[in-house]
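Enquirer: Please see the structure below; I have some questions.
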Amino acid sequence: MFPADHEIFVSDLLSMWIMEKLIIKIDGPRMQENIVDANIDKLISRNLIQVSTTRLDGRVRSVCIHDLLHSLCIQLAEDNNFFCTLNKLKAVGTAAIVRRITCNSNEHADENFGVPRKIRSLLCFRGSHEVLLNLLKRNASDLRFLRNLIIEIEGGKAIHLPNEIANLSGLSYLKLKAYLASGIPSGICCMKNLLTLEVIQQLLILSIFQAVF
């Protein structure tokens, strides 16, 4: 679900795997981390993923996946309806059955699709983030099953996070890595099921530099 050449942090995988119930929430967070590390090490030993960075204690901090394998994974996932891209929501009946949506390319999608009411994960990295934000603004209260939301927009492009995001009543993991022009909606503090909130504010450093010099 991540873009090609994207640095995937083990901490993100931990939260997503718990949300998808691939890891049972028992024995405390340390045990959960050990399970994730063991699975990551298995994938590395089979040359399915590559180490990007490590921690001071030698444990893997982030990984990446080869382009060819990334393309193969996308094809297999779409064939088995594991997830779909934003562009393919227009297909007849897709919105009714899709559980995971990713927007990880520079292709721009239109808004002519049904509301994916049973979606559990929504990831946006580039491209049609305006369409995704409009979806959240209009239909947040209908996305009761959404548990995982990741929005990462590089390049200093400003985005306006809709206040309606606070209506995502079932959301448990929210990661925002972007230039949030209007800040974080205050209603987020009232989201009772939100367990993890990660915010990385991207600044328009280049624009500031050009304005000064």
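Letters A, B, ... mark the chains of the structure tokens in the order given; residue numbers begin at 1 per chain; ligand numbers begin at 1, in order shown.
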Would you mind listing what lies within 8 Å of segment 158-170 of chain A as a PyMOL selection string, with only C-alpha atoms counted and same-chain residues fewer than 2 positions away left out?
Expert: chain A and resi 133+136-138+140-141+143-147+156+172+178-188+190-194
Enquirer: Report as CSV: every residue of segment 112-188 of chain A with an atom at most 9 Å from segment 2-12 of chain A, its closest pair of atoms, and their distance in Å to one decimal, counting only C-alpha atoms, with rows sorted by chain and ascending residue number.
Expert:
residue,atom,partner,partner_atom,distance
A:Leu123,CA,A:Phe2,CA,7.9
A:Cys124,CA,A:Phe2,CA,8.7
A:Phe125,CA,A:Pro3,CA,7.4
A:Arg126,CA,A:Pro3,CA,8.9
A:Lys175,CA,A:Asp12,CA,8.8
Enquirer: Could the residues in this selection be written to a file with all heavy atoms, as a PDB file, in the first residue's frame?
Expert:
ATOM      1  N   LEU A 123      -4.777   5.332   3.020  1.00  0.00           N
ATOM      2  CA  LEU A 123      -3.423   5.855   2.958  1.00  0.00           C
ATOM      3  C   LEU A 123      -3.284   6.789   1.766  1.00  0.00           C
ATOM      4  O   LEU A 123      -3.674   6.437   0.653  1.00  0.00           O
ATOM      5  CB  LEU A 123      -2.392   4.727   2.834  1.00  0.00           C
ATOM      6  CG  LEU A 123      -2.056   3.911   4.086  1.00  0.00           C
ATOM      7  CD1 LEU A 123      -3.220   3.051   4.522  1.00  0.00           C
ATOM      8  CD2 LEU A 123      -0.829   3.032   3.820  1.00  0.00           C
ATOM      9  N   CYS A 124      -2.732   7.965   1.994  1.00  0.00           N
ATOM     10  CA  CYS A 124      -2.540   8.940   0.916  1.00  0.00           C
ATOM     11  C   CYS A 124      -1.135   9.520   1.006  1.00  0.00           C
ATOM     12  O   CYS A 124      -0.736  10.028   2.057  1.00  0.00           O
ATOM     13  CB  CYS A 124      -3.585  10.054   1.016  1.00  0.00           C
ATOM     14  SG  CYS A 124      -3.439  11.299  -0.276  1.00  0.00           S
ATOM     15  N   PHE A 125      -0.397   9.427  -0.089  1.00  0.00           N
ATOM     16  CA  PHE A 125       0.982   9.891  -0.099  1.00  0.00           C
ATOM     17  C   PHE A 125       1.254  10.981  -1.132  1.00  0.00           C
ATOM     18  O   PHE A 125       2.163  11.764  -0.986  1.00  0.00           O
ATOM     19  CB  PHE A 125       1.925   8.709  -0.363  1.00  0.00           C
ATOM     20  CG  PHE A 125       1.848   7.645   0.686  1.00  0.00           C
ATOM     21  CD1 PHE A 125       1.035   6.545   0.508  1.00  0.00           C
ATOM     22  CD2 PHE A 125       2.572   7.748   1.859  1.00  0.00           C
ATOM     23  CE1 PHE A 125       0.957   5.556   1.479  1.00  0.00           C
ATOM     24  CE2 PHE A 125       2.502   6.774   2.833  1.00  0.00           C
ATOM     25  CZ  PHE A 125       1.689   5.668   2.639  1.00  0.00           C
ATOM     26  N   ARG A 126       0.474  11.032  -2.172  1.00  0.00           N
ATOM     27  CA  ARG A 126       0.715  12.004  -3.243  1.00  0.00           C
ATOM     28  C   ARG A 126      -0.491  12.004  -4.166  1.00  0.00           C
ATOM     29  O   ARG A 126      -1.477  11.318  -3.918  1.00  0.00           O
ATOM     30  CB  ARG A 126       1.982  11.648  -4.033  1.00  0.00           C
ATOM     31  CG  ARG A 126       1.947  10.258  -4.646  1.00  0.00           C
ATOM     32  CD  ARG A 126       3.261   9.870  -5.291  1.00  0.00           C
ATOM     33  NE  ARG A 126       4.289   9.578  -4.303  1.00  0.00           N
ATOM     34  CZ  ARG A 126       5.343   8.820  -4.548  1.00  0.00           C
ATOM     35  NH1 ARG A 126       5.517   8.294  -5.735  1.00  0.00           N
ATOM     36  NH2 ARG A 126       6.242   8.583  -3.618  1.00  0.00           N
ATOM     37  N   LYS A 175      -1.889   9.416  11.290  1.00  0.00           N
ATOM     38  CA  LYS A 175      -0.564   9.981  11.042  1.00  0.00           C
ATOM     39  C   LYS A 175      -0.677  11.073   9.986  1.00  0.00           C
ATOM     40  O   LYS A 175      -1.216  10.851   8.903  1.00  0.00           O
ATOM     41  CB  LYS A 175       0.420   8.900  10.568  1.00  0.00           C
ATOM     42  CG  LYS A 175       1.819   9.452  10.284  1.00  0.00           C
ATOM     43  CD  LYS A 175       2.792   8.367   9.869  1.00  0.00           C
ATOM     44  CE  LYS A 175       4.182   8.940   9.617  1.00  0.00           C
ATOM     45  NZ  LYS A 175       5.155   7.893   9.229  1.00  0.00           N
TER      46      LYS A 175
END
Enquirer: From the DSSP assignment of the backbone, select every residue of segment 5-81 of chain A that is alpha helix (DSSP H), and format the answer as a ChimeraX atom specification.
Expert: /A:10-19,28-45,67-79
Enquirer: Would you export the selected residues with C-alpha atoms as an mmCIF file, in the first residue's frame, please?
Expert:
data_model
loop_
_atom_site.group_PDB
_atom_site.id
_atom_site.type_symbol
_atom_site.label_atom_id
_atom_site.label_comp_id
_atom_site.auth_asym_id
_atom_site.auth_seq_id
_atom_site.Cartn_x
_atom_site.Cartn_y
_atom_site.Cartn_z
ATOM 1 C CA VAL A 10 8.618 -0.272 11.533
ATOM 2 C CA SER A 11 6.624 1.857 13.990
ATOM 3 C CA ASP A 12 3.990 2.417 11.291
ATOM 4 C CA LEU A 13 3.821 -1.304 10.575
ATOM 5 C CA LEU A 14 3.359 -2.046 14.270
ATOM 6 C CA SER A 15 0.280 0.196 14.495
ATOM 7 C CA MET A 16 -1.167 -1.049 11.203
ATOM 8 C CA TRP A 17 -0.626 -4.739 11.966
ATOM 9 C CA ILE A 18 -2.286 -4.356 15.364
ATOM 10 C CA MET A 19 -5.215 -2.541 13.763
ATOM 11 C CA GLY A 28 2.356 -5.447 26.464
ATOM 12 C CA PRO A 29 3.855 -3.180 23.787
ATOM 13 C CA ARG A 30 7.371 -4.591 24.150
ATOM 14 C CA MET A 31 6.225 -8.077 23.174
ATOM 15 C CA GLN A 32 4.352 -6.645 20.193
ATOM 16 C CA GLU A 33 7.517 -4.885 19.026
ATOM 17 C CA ASN A 34 9.453 -8.144 19.301
ATOM 18 C CA ILE A 35 6.870 -9.921 17.127
ATOM 19 C CA VAL A 36 7.102 -7.184 14.477
ATOM 20 C CA ASP A 37 10.906 -7.261 14.556
ATOM 21 C CA ALA A 38 10.888 -11.048 14.106
ATOM 22 C CA ASN A 39 8.594 -10.806 11.072
ATOM 23 C CA ILE A 40 10.665 -8.001 9.586
ATOM 24 C CA ASP A 41 13.844 -10.066 10.020
ATOM 25 C CA LYS A 42 12.204 -13.000 8.216
ATOM 26 C CA LEU A 43 11.271 -10.811 5.246
ATOM 27 C CA ILE A 44 14.790 -9.360 5.127
ATOM 28 C CA SER A 45 16.398 -12.818 5.252
ATOM 29 C CA ASP A 67 10.344 -1.722 -7.470
ATOM 30 C CA LEU A 68 9.731 -5.032 -9.271
ATOM 31 C CA LEU A 69 8.504 -6.746 -6.126
ATOM 32 C CA HIS A 70 6.423 -3.683 -5.289
ATOM 33 C CA SER A 71 4.640 -3.927 -8.649
ATOM 34 C CA LEU A 72 4.055 -7.654 -8.168
ATOM 35 C CA CYS A 73 2.580 -7.080 -4.697
ATOM 36 C CA ILE A 74 0.192 -4.449 -6.066
ATOM 37 C CA GLN A 75 -0.992 -6.804 -8.793
ATOM 38 C CA LEU A 76 -1.569 -9.689 -6.373
ATOM 39 C CA ALA A 77 -3.299 -7.434 -3.842
ATOM 40 C CA GLU A 78 -5.689 -6.002 -6.416
ATOM 41 C CA ASP A 79 -6.437 -9.465 -7.830
#
